[in-house]
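Next comes data-v7.txt, a file with compact mmCIF, C-alpha atoms.
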```txt
# COMPACT_ATOMS: atom_id res chain seq x y z
CA MET A 1 -1.96 0.32 -26.66
CA LYS A 2 -2.34 -3.40 -26.09
CA PRO A 3 -4.41 -4.08 -22.94
CA GLU A 4 -2.32 -5.21 -19.97
CA THR A 5 -2.82 -8.61 -18.39
CA VAL A 6 -3.07 -8.16 -14.64
CA VAL A 7 -3.52 -10.62 -11.77
CA ILE A 8 -4.97 -9.48 -8.43
CA THR A 9 -5.16 -11.79 -5.44
CA GLY A 10 -7.80 -11.11 -2.82
CA ALA A 11 -9.85 -9.50 -5.59
CA SER A 12 -13.33 -10.36 -4.31
CA ALA A 13 -13.60 -7.54 -1.75
CA GLY A 14 -11.91 -4.62 -0.07
CA LEU A 15 -8.71 -3.19 -1.53
CA GLY A 16 -8.42 -5.96 -4.12
CA ARG A 17 -11.91 -5.19 -5.39
CA ALA A 18 -11.10 -1.48 -5.63
CA ALA A 19 -7.84 -2.27 -7.44
CA ALA A 20 -9.72 -4.43 -9.96
CA ARG A 21 -11.98 -1.48 -10.73
CA GLU A 22 -8.99 0.84 -11.13
CA PHE A 23 -7.25 -1.41 -13.65
CA ALA A 24 -10.56 -2.06 -15.44
CA ARG A 25 -10.97 1.68 -16.07
CA HIS A 26 -7.80 1.45 -18.14
CA GLY A 27 -9.06 -1.52 -20.16
CA ALA A 28 -6.96 -4.21 -18.51
CA LYS A 29 -7.51 -7.95 -18.79
CA ILE A 30 -7.68 -9.08 -15.19
CA GLY A 31 -7.32 -12.44 -13.52
CA LEU A 32 -9.34 -12.23 -10.30
CA LEU A 33 -8.18 -14.60 -7.57
CA ALA A 34 -9.92 -15.13 -4.23
CA ARG A 35 -11.83 -17.82 -2.33
CA GLY A 36 -15.30 -16.24 -2.31
CA LEU A 37 -17.19 -17.03 -5.50
CA ASP A 38 -20.00 -14.53 -4.82
CA GLY A 39 -17.55 -11.64 -4.57
CA LEU A 40 -15.56 -12.81 -7.58
CA GLU A 41 -18.62 -12.94 -9.79
CA ALA A 42 -19.66 -9.45 -8.69
CA ALA A 43 -16.12 -8.16 -9.29
CA LYS A 44 -16.17 -9.68 -12.78
CA ARG A 45 -19.38 -7.81 -13.63
CA GLU A 46 -17.90 -4.53 -12.40
CA VAL A 47 -14.70 -5.02 -14.39
CA GLU A 48 -16.63 -5.69 -17.58
CA ASP A 49 -18.98 -2.75 -16.97
CA LEU A 50 -15.93 -0.49 -16.67
CA GLY A 51 -14.43 -1.67 -19.96
CA GLY A 52 -12.05 -4.40 -18.81
CA THR A 53 -11.97 -8.15 -19.29
CA ALA A 54 -12.18 -10.49 -16.30
CA LEU A 55 -11.38 -14.12 -15.62
CA ILE A 56 -12.37 -15.42 -12.20
CA ILE A 57 -10.42 -18.27 -10.62
CA PRO A 58 -11.47 -19.30 -7.10
CA THR A 59 -8.12 -19.75 -5.38
CA ASP A 60 -6.75 -20.13 -1.88
CA VAL A 61 -3.33 -18.45 -2.13
CA ALA A 62 -2.10 -20.60 0.77
CA ASN A 63 -2.08 -23.48 -1.73
CA SER A 64 1.02 -23.10 -3.92
CA ALA A 65 -0.20 -25.62 -6.50
CA ALA A 66 -3.50 -23.74 -6.87
CA VAL A 67 -1.64 -20.45 -7.42
CA GLU A 68 0.57 -22.06 -10.06
CA GLN A 69 -2.46 -23.51 -11.82
CA ALA A 70 -4.20 -20.11 -11.74
CA ALA A 71 -1.17 -18.48 -13.37
CA ASP A 72 -1.26 -21.11 -16.11
CA SER A 73 -4.97 -20.54 -16.77
CA ILE A 74 -4.57 -16.76 -16.92
CA GLU A 75 -1.69 -16.87 -19.41
CA GLU A 76 -3.57 -19.38 -21.54
CA LYS A 77 -6.81 -17.36 -21.64
CA LEU A 78 -5.70 -13.73 -21.20
CA GLY A 79 -2.12 -13.72 -22.41
CA PRO A 80 1.30 -13.14 -20.81
CA ILE A 81 1.04 -11.58 -17.37
CA ASP A 82 2.31 -7.99 -17.24
CA ILE A 83 1.43 -7.12 -13.63
CA TRP A 84 0.86 -9.34 -10.60
CA VAL A 85 -0.62 -7.74 -7.46
CA ASN A 86 -0.18 -9.75 -4.24
CA ASN A 87 -2.97 -8.44 -2.04
CA ALA A 88 -4.72 -11.40 -0.34
CA MET A 89 -4.61 -11.37 3.45
CA ALA A 90 -6.03 -12.92 6.59
CA SER A 91 -5.83 -11.79 10.21
CA VAL A 92 -6.94 -12.48 13.76
CA PHE A 93 -7.72 -9.77 16.30
CA SER A 94 -6.52 -11.24 19.57
CA PRO A 95 -3.94 -10.79 22.33
CA VAL A 96 -0.94 -13.05 21.79
CA LYS A 97 -1.68 -14.97 25.00
CA GLU A 98 -5.03 -16.09 23.55
CA MET A 99 -3.80 -17.00 20.05
CA LYS A 100 -3.58 -20.61 18.89
CA PRO A 101 -0.69 -22.12 16.93
CA GLU A 102 -2.92 -23.08 14.02
CA GLU A 103 -4.13 -19.47 13.74
CA TYR A 104 -0.58 -18.16 13.42
CA LYS A 105 0.07 -20.82 10.80
CA ARG A 106 -3.04 -19.93 8.80
CA VAL A 107 -2.41 -16.16 8.83
CA THR A 108 1.21 -16.74 7.82
CA GLU A 109 0.24 -19.09 4.99
CA VAL A 110 -2.27 -16.64 3.52
CA THR A 111 -0.72 -13.24 4.19
CA TYR A 112 2.98 -14.07 3.81
CA LEU A 113 3.33 -17.36 1.96
CA GLY A 114 0.52 -16.38 -0.39
CA VAL A 115 2.76 -13.51 -1.50
CA VAL A 116 5.73 -15.86 -1.86
CA TYR A 117 3.72 -18.37 -3.91
CA GLY A 118 2.30 -15.66 -6.16
CA THR A 119 5.73 -14.15 -6.67
CA LEU A 120 7.31 -17.52 -7.52
CA ALA A 121 4.55 -18.35 -9.98
CA VAL A 122 4.83 -15.09 -11.88
CA LEU A 123 8.66 -14.95 -11.77
CA LYS A 124 8.67 -18.28 -13.56
CA ARG A 125 6.87 -16.56 -16.43
CA MET A 126 8.27 -13.02 -16.29
CA LEU A 127 11.99 -13.81 -16.01
CA PRO A 128 12.32 -15.58 -19.40
CA ARG A 129 10.51 -12.62 -21.03
CA ASN A 130 12.66 -10.16 -19.02
CA ARG A 131 9.73 -7.85 -18.28
CA GLY A 132 6.83 -7.39 -15.90
CA THR A 133 6.01 -5.85 -12.54
CA ILE A 134 5.16 -7.41 -9.18
CA VAL A 135 3.31 -5.25 -6.66
CA GLN A 136 3.40 -6.34 -3.02
CA VAL A 137 0.62 -4.80 -0.94
CA GLY A 138 2.19 -3.89 2.37
CA SER A 139 1.21 -1.78 5.33
CA ALA A 140 2.60 0.67 7.82
CA LEU A 141 2.47 -2.42 10.06
CA ALA A 142 5.32 -3.89 8.00
CA TYR A 143 7.52 -1.43 9.92
CA ARG A 144 5.62 -0.78 13.14
CA SER A 145 3.68 -3.59 14.83
CA ILE A 146 0.66 -2.85 16.97
CA PRO A 147 -1.09 -4.86 19.69
CA LEU A 148 -3.89 -7.33 18.91
CA GLN A 149 -2.64 -8.09 15.38
CA SER A 150 0.61 -9.95 16.01
CA ALA A 151 0.11 -12.59 13.29
CA TYR A 152 -0.76 -10.05 10.61
CA CYS A 153 2.04 -7.64 11.59
CA ALA A 154 4.59 -10.45 11.54
CA ALA A 155 3.44 -11.53 8.08
CA LYS A 156 3.74 -8.00 6.71
CA HIS A 157 7.25 -7.71 8.18
CA ALA A 158 8.11 -10.98 6.43
CA ILE A 159 6.83 -9.68 3.08
CA ALA A 160 9.14 -6.67 3.35
CA GLY A 161 12.15 -8.88 4.08
CA PHE A 162 11.32 -11.27 1.24
CA THR A 163 10.81 -8.41 -1.21
CA ASP A 164 14.10 -6.69 -0.34
CA SER A 165 16.02 -9.94 -0.88
CA LEU A 166 14.38 -10.57 -4.23
CA ARG A 167 14.97 -6.99 -5.37
CA CYS A 168 18.70 -7.36 -4.73
CA GLU A 169 18.78 -10.58 -6.74
CA LEU A 170 16.96 -8.97 -9.67
CA ILE A 171 19.51 -6.16 -9.65
CA HIS A 172 22.36 -8.68 -9.56
CA ASP A 173 20.89 -10.53 -12.54
CA LYS A 174 20.33 -7.26 -14.41
CA SER A 175 16.71 -8.29 -14.84
CA LYS A 176 14.12 -5.87 -16.14
CA VAL A 177 11.43 -7.46 -13.97
CA ARG A 178 10.47 -4.86 -11.38
CA ILE A 179 9.18 -5.35 -7.86
CA THR A 180 7.63 -2.66 -5.67
CA MET A 181 5.94 -2.56 -2.27
CA VAL A 182 3.06 -0.22 -1.43
CA GLN A 183 2.70 0.51 2.30
CA MET A 184 -0.96 1.17 3.10
CA PRO A 185 -2.65 3.16 5.87
CA ALA A 186 -5.86 2.10 7.63
CA LEU A 187 -8.48 1.43 4.95
CA ASN A 188 -12.26 1.19 5.14
CA THR A 189 -12.64 -2.39 3.93
CA PRO A 190 -15.02 -5.23 4.92
CA GLN A 191 -12.25 -7.13 6.73
CA PHE A 192 -13.25 -5.63 10.07
CA SER A 193 -16.68 -7.22 9.76
CA TRP A 194 -15.46 -10.72 8.89
CA VAL A 195 -12.02 -11.04 10.50
CA LYS A 196 -11.75 -13.56 13.33
CA SER A 197 -11.81 -11.63 16.59
CA ARG A 198 -11.62 -12.25 20.33
CA LEU A 199 -12.16 -8.60 21.18
CA LYS A 200 -15.05 -7.55 23.41
CA HIS A 201 -16.06 -4.82 20.96
CA LYS A 202 -16.16 -4.71 17.18
CA ALA A 203 -12.84 -4.13 15.47
CA LYS A 204 -12.12 -0.95 13.55
CA PRO A 205 -9.20 0.53 11.61
CA VAL A 206 -7.03 2.97 13.54
CA PRO A 207 -8.00 6.52 12.47
CA PRO A 208 -7.42 8.39 10.26
CA ILE A 209 -9.13 6.04 7.82
CA PHE A 210 -8.96 6.15 4.02
CA GLN A 211 -11.25 4.68 1.40
CA PRO A 212 -9.87 1.66 -0.47
CA GLU A 213 -9.86 3.66 -3.72
CA VAL A 214 -6.91 5.66 -2.34
CA GLY A 215 -4.96 2.42 -2.01
CA ALA A 216 -6.16 1.21 -5.42
CA ARG A 217 -4.83 4.33 -7.13
CA ALA A 218 -1.52 3.82 -5.35
CA ILE A 219 -1.30 0.22 -6.58
CA TYR A 220 -2.02 1.25 -10.16
CA TRP A 221 0.57 4.05 -10.02
CA ALA A 222 3.21 1.81 -8.46
CA ALA A 223 2.63 -0.81 -11.17
CA HIS A 224 3.54 1.72 -13.87
CA HIS A 225 6.42 3.64 -12.29
CA GLY A 226 9.86 2.72 -11.05
CA ARG A 227 9.39 3.61 -7.40
CA ARG A 228 11.05 1.08 -5.08
CA GLU A 229 8.52 1.62 -2.33
CA LEU A 230 5.48 3.84 -1.94
CA TYR A 231 4.03 5.17 1.33
CA VAL A 232 0.32 5.95 1.18
CA GLY A 233 -1.15 8.46 3.63
CA TRP A 234 0.50 10.68 6.21
CA PRO A 235 -0.27 8.20 9.05
CA THR A 236 1.90 5.62 7.26
CA VAL A 237 4.79 8.08 7.10
CA GLU A 238 4.30 9.03 10.76
CA ALA A 239 4.30 5.41 11.94
CA ILE A 240 7.40 4.45 9.97
CA VAL A 241 9.42 7.53 10.87
CA ALA A 242 8.38 7.50 14.53
CA ASN A 243 9.39 3.85 14.84
CA LYS A 244 12.84 4.67 13.47
CA LEU A 245 13.33 7.61 15.83
CA ALA A 246 11.74 6.40 19.07
CA PRO A 247 10.58 2.77 18.98
CA GLY A 248 10.57 2.42 22.76
CA ALA A 249 8.37 5.45 23.25
CA LEU A 250 6.04 4.10 20.59
CA ASP A 251 5.85 0.76 22.43
CA HIS A 252 4.56 2.54 25.53
CA TYR A 253 2.20 4.77 23.56
CA LEU A 254 0.63 1.79 21.75
CA GLY A 255 0.48 -0.14 24.99
CA ARG A 256 -1.72 2.62 26.40
CA THR A 257 -3.82 3.42 23.33
CA GLY A 258 -3.58 0.49 20.91
CA PHE A 259 -6.39 -1.59 22.44
CA ARG A 260 -8.96 1.18 22.57
CA SER A 261 -8.12 2.68 19.17
CA GLN A 262 -8.87 -0.62 17.40
CA GLN A 263 -12.34 -1.14 18.86
CA THR A 264 -15.68 0.59 18.49
CA SER A 265 -18.12 1.02 21.36
CA GLU A 266 -20.39 -1.68 19.89
CA ARG A 267 -20.21 -5.16 21.41
CA GLU A 268 -18.85 -7.93 19.21
CA ASP A 269 -20.93 -11.01 18.44
CA PRO A 270 -18.65 -13.97 19.32
CA GLY A 271 -20.78 -16.31 17.20
CA ARG A 272 -20.60 -14.41 13.91
CA PRO A 273 -18.92 -16.11 10.92
CA ASP A 274 -15.31 -15.22 10.07
CA ASN A 275 -13.17 -15.84 6.99
CA LEU A 276 -10.01 -17.30 8.51
CA TRP A 277 -10.63 -20.83 7.27
CA ASN A 278 -13.50 -20.37 4.80
CA PRO A 279 -14.89 -17.38 2.88
CA VAL A 280 -17.96 -15.67 4.29
CA PRO A 281 -20.78 -16.10 1.71
CA GLY A 282 -22.11 -13.07 -0.16
CA ASP A 283 -20.77 -10.08 -2.04
CA HIS A 284 -19.11 -7.71 0.42
CA GLY A 285 -17.91 -5.05 -2.02
CA ALA A 286 -14.93 -2.77 -1.53
CA HIS A 287 -16.10 -0.62 1.39
CA GLY A 288 -16.53 -1.45 5.03
CA THR A 289 -18.83 0.25 7.54
CA PHE A 290 -16.75 3.39 8.10
CA ASP A 291 -17.70 5.49 5.06
CA ALA A 292 -18.67 8.46 7.22
CA ARG A 293 -15.17 8.64 8.70
CA ALA A 294 -13.06 7.66 5.68
CA HIS A 295 -11.09 10.10 3.53
CA GLU A 296 -11.40 9.81 -0.22
CA ARG A 297 -8.03 11.46 -0.91
CA SER A 298 -4.60 11.76 0.65
CA TRP A 299 -2.62 14.97 0.14
CA GLN A 300 0.56 13.13 1.23
CA PHE A 301 0.05 10.49 -1.48
CA ARG A 302 -0.52 13.18 -4.09
CA ALA A 303 2.60 15.02 -2.97
CA SER A 304 4.59 11.77 -3.03
CA LEU A 305 3.69 11.18 -6.66
CA ASP A 306 4.74 14.74 -7.54
CA ARG A 307 7.83 14.84 -5.35
CA LEU A 308 10.23 15.47 -8.25
CA TRP A 309 8.22 18.46 -9.41
CA ILE A 310 7.83 19.72 -5.86
CA GLY A 311 11.55 19.27 -5.21
CA ALA A 312 12.44 21.03 -8.45
CA SER A 313 10.06 23.88 -7.65
CA LEU A 314 11.54 24.32 -4.18
CA ALA A 315 15.03 24.30 -5.68
CA VAL A 316 14.05 26.99 -8.21
CA ILE A 317 12.50 29.08 -5.43
CA ALA A 318 15.65 28.70 -3.32
CA ILE A 319 17.93 29.67 -6.22
CA ALA A 320 15.72 32.61 -7.11
CA GLY A 321 15.76 33.76 -3.50
CA PHE A 322 19.54 33.49 -3.40
CA LEU A 323 19.92 35.47 -6.61
CA LEU A 324 17.55 38.17 -5.42
CA ALA A 325 19.40 38.40 -2.13
CA PHE A 326 22.75 38.54 -3.95
CA ARG A 327 21.55 41.25 -6.34
CA GLY A 328 20.03 43.19 -3.45
CA ASP A 329 23.27 42.98 -1.50
CA HIS A 330 25.28 43.97 -4.59
CA TYR A 331 22.94 46.94 -5.19
CA ILE A 332 23.25 48.12 -1.59
CA ARG A 333 27.04 47.90 -1.69
CA ALA A 334 27.14 49.74 -5.03
CA THR A 335 24.81 52.46 -3.71
CA ASP A 336 26.86 52.84 -0.55
CA SER A 337 30.03 53.11 -2.60
CA LYS A 338 28.61 55.97 -4.73
CA ARG A 339 27.32 57.72 -1.61
CA PHE A 340 30.77 57.56 0.03
CA GLU A 341 32.38 58.84 -3.19
CA ARG A 342 30.08 61.91 -3.23
CA ILE A 343 30.74 62.60 0.41
CA PHE A 344 34.49 62.37 -0.15
CA ARG A 345 34.40 64.76 -3.13
CA HIS A 346 32.28 67.23 -1.21
CA ALA A 347 34.68 67.16 1.73
CA ALA A 348 37.60 67.72 -0.60
```
Please, can you express the file's structure as structure tokens?
Amino acid sequence: MKPETVVITGASAGLGRAAAREFARHGAKIGLLARGLDGLEAAKREVEDLGGTALIIPTDVANSAAVEQAADSIEEKLGPIDIWVNNAMASVFSPVKEMKPEEYKRVTEVTYLGVVYGTLAVLKRMLPRNRGTIVQVGSALAYRSIPLQSAYCAAKHAIAGFTDSLRCELIHDKSKVRITMVQMPALNTPQFSWVKSRLKHKAKPVPPIFQPEVGARAIYWAAHHGRRELYVGWPTVEAIVANKLAPGALDHYLGRTGFRSQQTSEREDPGRPDNLWNPVPGDHGAHGTFDARAHERSWQFRASLDRLWIGASLAVIAIAGFLLAFRGDHYIRATDSKRFERIFRHAA
């Protein structure tokens, strides 16, 4: 098969880095977009070592012109884009009362508008060809906000709304361009070491935590199947369902536990560098500092991929049980009938 041309934003570290590796294992040609040159160069080496082809383009996705130019360069050097993965993000750990307007603007421009700009750039190229897939990297926080991450949660909510609108329009136009959203659980990525934070203690993902490779496999699967939306990890399902059933109760629960569950016992260094405005130098890889606590697999994700087979199997089991029960009941009634007939003859 002809190698796919894939674009991944936020590809220098974390989930984007793991996704680049996953596509590289399948021989993809990958456009790697991010701000940090050190991480991009390291990601390029990994992609090539795994059998893929890589083109690095240092890009701030908050700049729509830069995203458009990157799309042009990728199509010129790697060929028509088959898959575009919108993954880049920025965040601030802080109570709302301590946030600054420019911080909300920056997080929105990167995490939400970066998705919009990437989607617009690739739609311009995919729609005339009437093919291609756009993968929006979401989060359980796109449905259920938590304290201390208001800017990030709001941006993820916005991505979901934008994606649903676009999906309806693609259906109306009878377009074969597909769009899917993958809702992620807490992942062990470097973001907790470089995110801007006003917390007293170091930030951490809310347990249970999964390795970024779990999310990377979900992105790859979603890019090649027709699923409208994909939930990754049982905690994601729990958060989304619980918010639909009892949002008020969840407000109170998170008000009591949400501060503590997002912080370690180690004091934060208020002077450390963060990546809100500029990338933190160095290669930070895919994993954060929580390897000892992170799960490498998700049984829920595996079951979600196999849900048709599981559903069919359960249906077969149910039908078989019904038939066995019916035959058993028929046998009992037939046996009882013969017994009554013998008794009647004997009495006669």
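Taking only C-alpha atoms into account, Pro205 of chain A lies nearest to A:Leu148 out of the set A:Leu170, A:Leu148, A:Ala303, A:Ala54.
Rounded to one decimal, atom CA of Ala65 of chain A and atom CA of Gly114 of chain A lie 11.1 Å from each other.
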Residue among A:Gln69, A:Ser91, A:Ser165, A:Ser197 lying closest to Asp269 of chain A, counting all atoms listed in the file: A:Ser197
Produce a table with one row for each residue of segment 184-253 of chain A that has an atom at most 12 Å from any atom of segment 25-31 of chain A, each row naming the nearest atom pair and its distance in Å at one decimal; use all atoms listed in the file; arrange rows by chain and rising residue number; format as a Markdown table.
```
| residue | atom | partner | partner_atom | distance |
| --- | --- | --- | --- | --- |
| A:Ala216 | CA | A:Arg25 | CA | 11.7 |
| A:Arg217 | CA | A:Arg25 | CA | 11.2 |
| A:Tyr220 | CA | A:His26 | CA | 9.9 |
| A:Trp221 | CA | A:His26 | CA | 11.9 |
```
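Across the structure, atom CA of Gly258 of chain A and atom CA of Pro207 of chain A are spaced 11.3 Å apart.
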Within 10 Å of segment 277-282 of chain A using all atoms listed in the file, minus same-chain residues under 3 positions, as a list in words: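 Returned residues: Ala34, Arg35, Gly36, Leu37, Asp38, Gly39, Leu40, Ala42, Asp60, Ala90, Glu103, Arg106, Val107, Trp194, Val195, Lys196, Pro273, Asp274 and Gly285 of chain A.
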Spatial neighbours of Leu78 of chain A, max dist 12 Å, all atoms listed in the file, sep filter under 6 positions, as a list in words: Lys2, Pro3, Glu4, Thr5, Val6, Val7, Ala28, Lys29, Ile30, Gly31, Leu32, Gly52, Thr53, Ala54, Leu55, Ile56, Ala70, Ala71 and Asp72 of chain A
Near-Pro128 of chain A list (10 Å; all atoms listed in the file; drop same-chain fewer than 5 positions) as a ChimeraX atom specification: /A:123,175,177
Store the residues picked out above, limited to C-alpha atoms, as a PDB file, in the coordinates of the input.
```pdb
ATOM      1  CA  LEU A 123       8.660 -14.950 -11.770  1.00  0.00           C
ATOM      2  CA  SER A 175      16.710  -8.290 -14.840  1.00  0.00           C
ATOM      3  CA  VAL A 177      11.430  -7.460 -13.970  1.00  0.00           C
TER       4      VAL A 177
END
```
Å distance separating atom CA of Glu169 of chain A from atom CA of Arg228 of chain A, one decimal place: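 Those two atoms sit 14.1 Å apart.
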If you take every atom of segment 260-263 of chain A that the file lists and fit an axis-aligned box around them with 3 Å extra on each side, what centre and edge lengths come out in Å to one decimal, as AutoDock Vina command-line options?
```
--center_x -10.2 --center_y 0.8 --center_z 20.0 --size_x 10.2 --size_y 9.8 --size_z 11.2
```
Long-range neighbours of Ile159 of chain A as JSON, numbers by chain, 9 Å cut-off, all atoms listed in the file, 5 positions minimum in chain: {"A": [111, 112, 113, 115, 116, 136, 137, 138, 142, 154, 164, 181]}
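Those residues positioned at most 9 Å from (10.2, 1.6, -12.8) are Thr133, Arg178, Ile179, Thr180, Ala222, Ala223, His224, His225, Gly226, Arg227 and Arg228 of chain A, judged using only C-alpha atoms.
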Go ahead and save the picked residues with C-alpha atoms, as a PDB file, keeping the file's coordinate frame.
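Result file follows (again08.pdb):
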```
ATOM      1  CA  THR A 133       6.010  -5.850 -12.540  1.00  0.00           C
ATOM      2  CA  ARG A 178      10.470  -4.860 -11.380  1.00  0.00           C
ATOM      3  CA  ILE A 179       9.180  -5.350  -7.860  1.00  0.00           C
ATOM      4  CA  THR A 180       7.630  -2.660  -5.670  1.00  0.00           C
ATOM      5  CA  ALA A 222       3.210   1.810  -8.460  1.00  0.00           C
ATOM      6  CA  ALA A 223       2.630  -0.810 -11.170  1.00  0.00           C
ATOM      7  CA  HIS A 224       3.540   1.720 -13.870  1.00  0.00           C
ATOM      8  CA  HIS A 225       6.420   3.640 -12.290  1.00  0.00           C
ATOM      9  CA  GLY A 226       9.860   2.720 -11.050  1.00  0.00           C
ATOM     10  CA  ARG A 227       9.390   3.610  -7.400  1.00  0.00           C
ATOM     11  CA  ARG A 228      11.050   1.080  -5.080  1.00  0.00           C
TER      12      ARG A 228
END
```
